[in-house]
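> Got a structure for you, questions after.
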2 protein chains.
Amino acid sequence: MPSARRNSAGLPESTAPASLPVTRLRPAYQQVADQLRELILDGSLAPGDRLPPESEIGGNFGVSRSTVREALRVLASQGLVRTSRGTTGGTFVSQVDPDQISDYLEVGIGLMSGSAALPLSAILEARELLEVPATALAARRREQHHLDALRDAMEREKRTRGRSMKFREHQHFHDVIMQATGNGLLTMMTEPVFHVLSTRFLRPAAQPEFWTMVDEEHEQIIELIAAGDAEGASEAMRRHLNNIRGAYSED
Amino acid sequence: MPSARRNSAGLPESTAPASLPVTRLRPAYQQVADQLRELILDGSLAPGDRLPPESEIGGNFGVSRSTVREALRVLASQGLVRTSRGTTGGTFVSQVDPDQISDYLEVGIGLMSGSAALPLSAILEARELLEVPATALAARRREQHHLDALRDAMEREKRTRGRSMKFREHQHFHDVIMQATGNGLLTMMTEPVFHVLSTRFLRPAAQPEFWTMVDEEHEQIIELIAAGDAEGASEAMRRHLNNIRGAYSED
DNA sequence: CGCGATCTCACTGTCTGACATTTTGCTGAT
DNA sequence: ATCAGCAAAATGTCAGACAGTGAGATCGCG
């Protein structure tokens with residue numbers, strides 16, 4: 001018996017009441033990942049901490065290095081650890097990266113979008129619900145560099161008029177407003193929503209005058225934010241979102 | 001010929017202008033994961049599709065099975081594929097699971113919470129911003145089973161009065177309201193926010209009369225939702241959130 | 001003595017080949 | 001016909017090897 005493996009560890013075989021998931025045992029790499037994740041979540045391992053070498057982790061858990069590596073890939077792709085090579089390298093507990101969470105959300109929303117579980121209307125609704133009050137916050141809290149960034153975005157937006165890259169600038173405009181709220185959580189959740197909208201649902205064949213209108217409304221919103229007019233800015237944003245609603249379609 | 005590996009493929013060594021990320025090359029498992037993800041995201045692989053066996057994938061990319069497996073772990077932990085064993089087993093493209101995205105968000109928010117990047121105030125702000133208008137939606141769209149679930153949650157909430165499990169019921173109450181909005185995206189984003197609030201920031205030593213007040217406000221909100229009074233319900237929710245603000249603290 | 005070139009070492013990254021385990025479908029005996 | 005048991009195909013796991021990287025230690029030359 002190549003004994004003392006995960007099987008024998010902590011499994012009251014005779015008294016086990018057979019848990020619901022019929023799969024008797026989760027794969028070893030899952031269990032290792034779970035335990036390491038637990039250590040990170042409860043603070044036993046703090047960001048920046050270095051984990052033991054893969055071979056040593058394997059020794060501790062009684063599994064091979066390949067298994068440990070698969071577990072580490074799981075944690076790494078969840079943004080919990082990061083690995084590097086060289087003498088000073090190894091596996092380190094990493095700080096959570098808001099952008100990574102945003103990206104993950106964007107992929108998830110993108111894949112669900114269009115299906116019955118997440119129709120376009122729900123996405124548009126969520127966007128308005130988030131972005132209108134966020135604009136009010138932005139008007140109250142914007143710093144000078146946000147205004148600069150907004151006006152800069154505006155400039156580039158006008159220059160790319162009619163070009164197909166337009167949606168990039170449009171996206172950037174809305175991103176900066178979210179950042180101006182100073183609330184990282186709002187930014188993290190909202191950005192993916194309209195990234196999905198503009199990359200998957202934006203109808204390309206809009207008439208030129210449509211984008212002219214968009215530009216004008218954007219300028220108006222910027223001025224209201226610059227003036228610190230929270231009510232006016234959020235109302236203008238509400239109107240703007242209503243006006244461009246028709247530019248998005250399921251196909 | 002174990003040659004013709006990723007190194008020789010597509011790397012104009014002499015003319016290479018050294019791309020910005022100083023790391024010359026991403027690890028092979030990353031590249032494999034990226035390419036497979038691309039196939040899933042652009043629809044070449046639809047949910048339910050079965051990928052070739054690991055060894056075959058390895059053959060296609062010119063990497064070993066271990067490398068493929070590490071790539072698959074990455075994709076699996078992002079919810080893009082799922083594997084099963086046995087002769088009918090294999091790797092399958094899976095549908096995105098909103099709950100999985102919620103869990104991921106919760107972990108991420110939980111880890112960032114408290115730090116300067118995400119102070120408690122930002123979380124409370126985001127919560128109010130989301131939940132107040134969501135309550136209005138819930139009042140307009142709630143189905144009978146939502147009302148049943150709310151009243152049921154209410155019952156259990158009263159029964160657990162004073163017990164430490166209280167926060168579970170409290171959580172459930174807010175979850176059901178989100179579900180009653182009928183907007184899966186809102187639910188997906190909002191639930192993690194107050195799960196983090198109640199598991200990490202809820203001050204345990206609140207006086208009994210505090211929870212009595214909470215119960216009364218919950219009942220009031222339920223009745224307004226049942227009556228379809230969107231304005232009243234969202235206003236009541238706003239007051240409620242303001243009242244319980246003090247129950248959350250950084251420590 | 002100063003300082004760049006090189007060596008060393010401790011890691012992660014990758015490959016190979018083997019065996020274990022889990023399902024399912026098939027086959028053959030009753 | 002029914003059911004036990006075997007074969008097959010896939011993932012899960014292991015062990016050992018070697019390649020590649022990066023930073024500090026060491027050496028060599030001016």
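Identifiers in the structure tokens: chain A, B, ... in order shown; residue index from 1 per chain; ligand index from 1 in order shown.
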Please find the residues of chain B near chain A - the criterion being any atom within 6 Å, counting only C-alpha atoms - and write them as a PDB file with N, CA and C atoms, in the first residue's frame.

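What landed in selection_31.pdb:
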```pdb
ATOM      1  N   GLU B  70      -2.431  21.819 -17.023  1.00  0.00           N
ATOM      2  CA  GLU B  70      -2.362  23.085 -16.289  1.00  0.00           C
ATOM      3  C   GLU B  70      -3.227  24.143 -16.973  1.00  0.00           C
ATOM      4  N   ARG B  73      -6.816  23.475 -16.108  1.00  0.00           N
ATOM      5  CA  ARG B  73      -7.171  23.872 -14.744  1.00  0.00           C
ATOM      6  C   ARG B  73      -7.502  25.360 -14.708  1.00  0.00           C
ATOM      7  N   VAL B  74      -6.719  26.130 -15.463  1.00  0.00           N
ATOM      8  CA  VAL B  74      -6.989  27.566 -15.519  1.00  0.00           C
ATOM      9  C   VAL B  74      -8.389  27.813 -16.062  1.00  0.00           C
ATOM     10  N   SER B  77     -11.140  26.727 -13.668  1.00  0.00           N
ATOM     11  CA  SER B  77     -11.355  27.575 -12.500  1.00  0.00           C
ATOM     12  C   SER B  77     -11.955  28.910 -12.919  1.00  0.00           C
ATOM     13  N   ALA B 122     -17.014  52.837   0.922  1.00  0.00           N
ATOM     14  CA  ALA B 122     -17.277  52.618  -0.498  1.00  0.00           C
ATOM     15  C   ALA B 122     -18.240  51.454  -0.688  1.00  0.00           C
ATOM     16  N   ASN B 183     -33.719  40.826 -12.569  1.00  0.00           N
ATOM     17  CA  ASN B 183     -32.526  41.173 -13.338  1.00  0.00           C
ATOM     18  C   ASN B 183     -31.333  40.386 -12.788  1.00  0.00           C
TER      19      ASN B 183
END
```
> Write out as JSON lines a residue-level contact list of chain A versus chain D with cut-off 8 Å: for each qualifying residue the closest pair of atoms and the distance in Å to one decimal, counting only C-alpha atoms (C1' of nucleotides), rows sorted by chain and residue number upward.

```
{"residue": "A:Pro27", "atom": "CA", "partner": "D:DG12", "partner_atom": "C1'", "distance": 7.2}
{"residue": "A:Ser64", "atom": "CA", "partner": "D:DC14", "partner_atom": "C1'", "distance": 6.1}
{"residue": "A:Thr67", "atom": "CA", "partner": "D:DT13", "partner_atom": "C1'", "distance": 7.3}
{"residue": "A:Arg85", "atom": "CA", "partner": "D:DT21", "partner_atom": "C1'", "distance": 5.7}
{"residue": "A:Gly86", "atom": "CA", "partner": "D:DG22", "partner_atom": "C1'", "distance": 4.2}
{"residue": "A:Thr87", "atom": "CA", "partner": "D:DG22", "partner_atom": "C1'", "distance": 6.0}
{"residue": "A:Thr88", "atom": "CA", "partner": "D:DA23", "partner_atom": "C1'", "distance": 6.6}
{"residue": "A:Gly89", "atom": "CA", "partner": "D:DG22", "partner_atom": "C1'", "distance": 7.9}
```
> Could those residues be written to a file, using N, CA and C atoms, as a short mmCIF file (atom, residue, chain, number, x, y, z; two decimals), in the first residue's frame?

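out.cif, freshly written:
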```cif
data_model
loop_
_atom_site.label_atom_id
_atom_site.label_comp_id
_atom_site.auth_asym_id
_atom_site.auth_seq_id
_atom_site.Cartn_x
_atom_site.Cartn_y
_atom_site.Cartn_z
N PRO A 27 -11.09 15.80 -6.68
CA PRO A 27 -9.71 15.54 -7.09
C PRO A 27 -8.74 16.15 -6.09
N SER A 64 1.99 14.69 -5.27
CA SER A 64 3.16 14.93 -6.12
C SER A 64 3.22 16.39 -6.55
N THR A 67 0.50 17.61 -9.00
CA THR A 67 -0.78 17.90 -8.37
C THR A 67 -0.75 19.29 -7.74
N ARG A 85 10.02 33.07 -11.40
CA ARG A 85 11.14 32.13 -11.46
C ARG A 85 12.41 32.75 -10.91
N GLY A 86 13.44 31.96 -10.92
CA GLY A 86 14.71 32.46 -10.42
C GLY A 86 14.91 32.15 -8.94
N THR A 87 16.08 32.52 -8.43
CA THR A 87 16.41 32.24 -7.04
C THR A 87 15.42 32.88 -6.08
N THR A 88 15.08 34.11 -6.34
CA THR A 88 14.16 34.81 -5.45
C THR A 88 12.72 34.51 -5.82
N GLY A 89 12.56 33.65 -6.81
CA GLY A 89 11.21 33.35 -7.27
C GLY A 89 10.47 32.44 -6.33
#
```
> Let's see if you can do this: from backbone DSSP, list all alpha helix (DSSP H) residues in segment 3-190 of chain B, as a PyMOL selection string.
chain B and resi 28-41+54-61+65-77+98-112+120-141+144-159+166-180+184-190
> What are the DSSP strand (DSSP E or B) residues of segment 24-96 of chain B, as a ChimeraX atom specification?
/B:50,81-84,90-93
> Could you dump the residues just selected with C-alpha atoms as a PDB file, in the first residue's frame?

```pdb
ATOM      1  CA  ARG B  50     -16.385  18.168 -26.075  1.00  0.00           C
ATOM      2  CA  VAL B  81     -14.806  24.147 -19.041  1.00  0.00           C
ATOM      3  CA  ARG B  82     -15.630  21.208 -16.857  1.00  0.00           C
ATOM      4  CA  THR B  83     -14.051  17.766 -16.865  1.00  0.00           C
ATOM      5  CA  SER B  84     -15.358  14.350 -16.029  1.00  0.00           C
ATOM      6  CA  GLY B  90     -13.519  14.365 -21.113  1.00  0.00           C
ATOM      7  CA  THR B  91     -13.361  18.117 -21.151  1.00  0.00           C
ATOM      8  CA  PHE B  92     -16.545  19.972 -22.033  1.00  0.00           C
ATOM      9  CA  VAL B  93     -17.279  23.618 -22.637  1.00  0.00           C
TER      10      VAL B  93
END
```
> One number please: atom CA of Glu157 of chain B to atom CA of Phe210 of chain B, in Å, one decimal.
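Distance between the two atoms: 13.4 Å.
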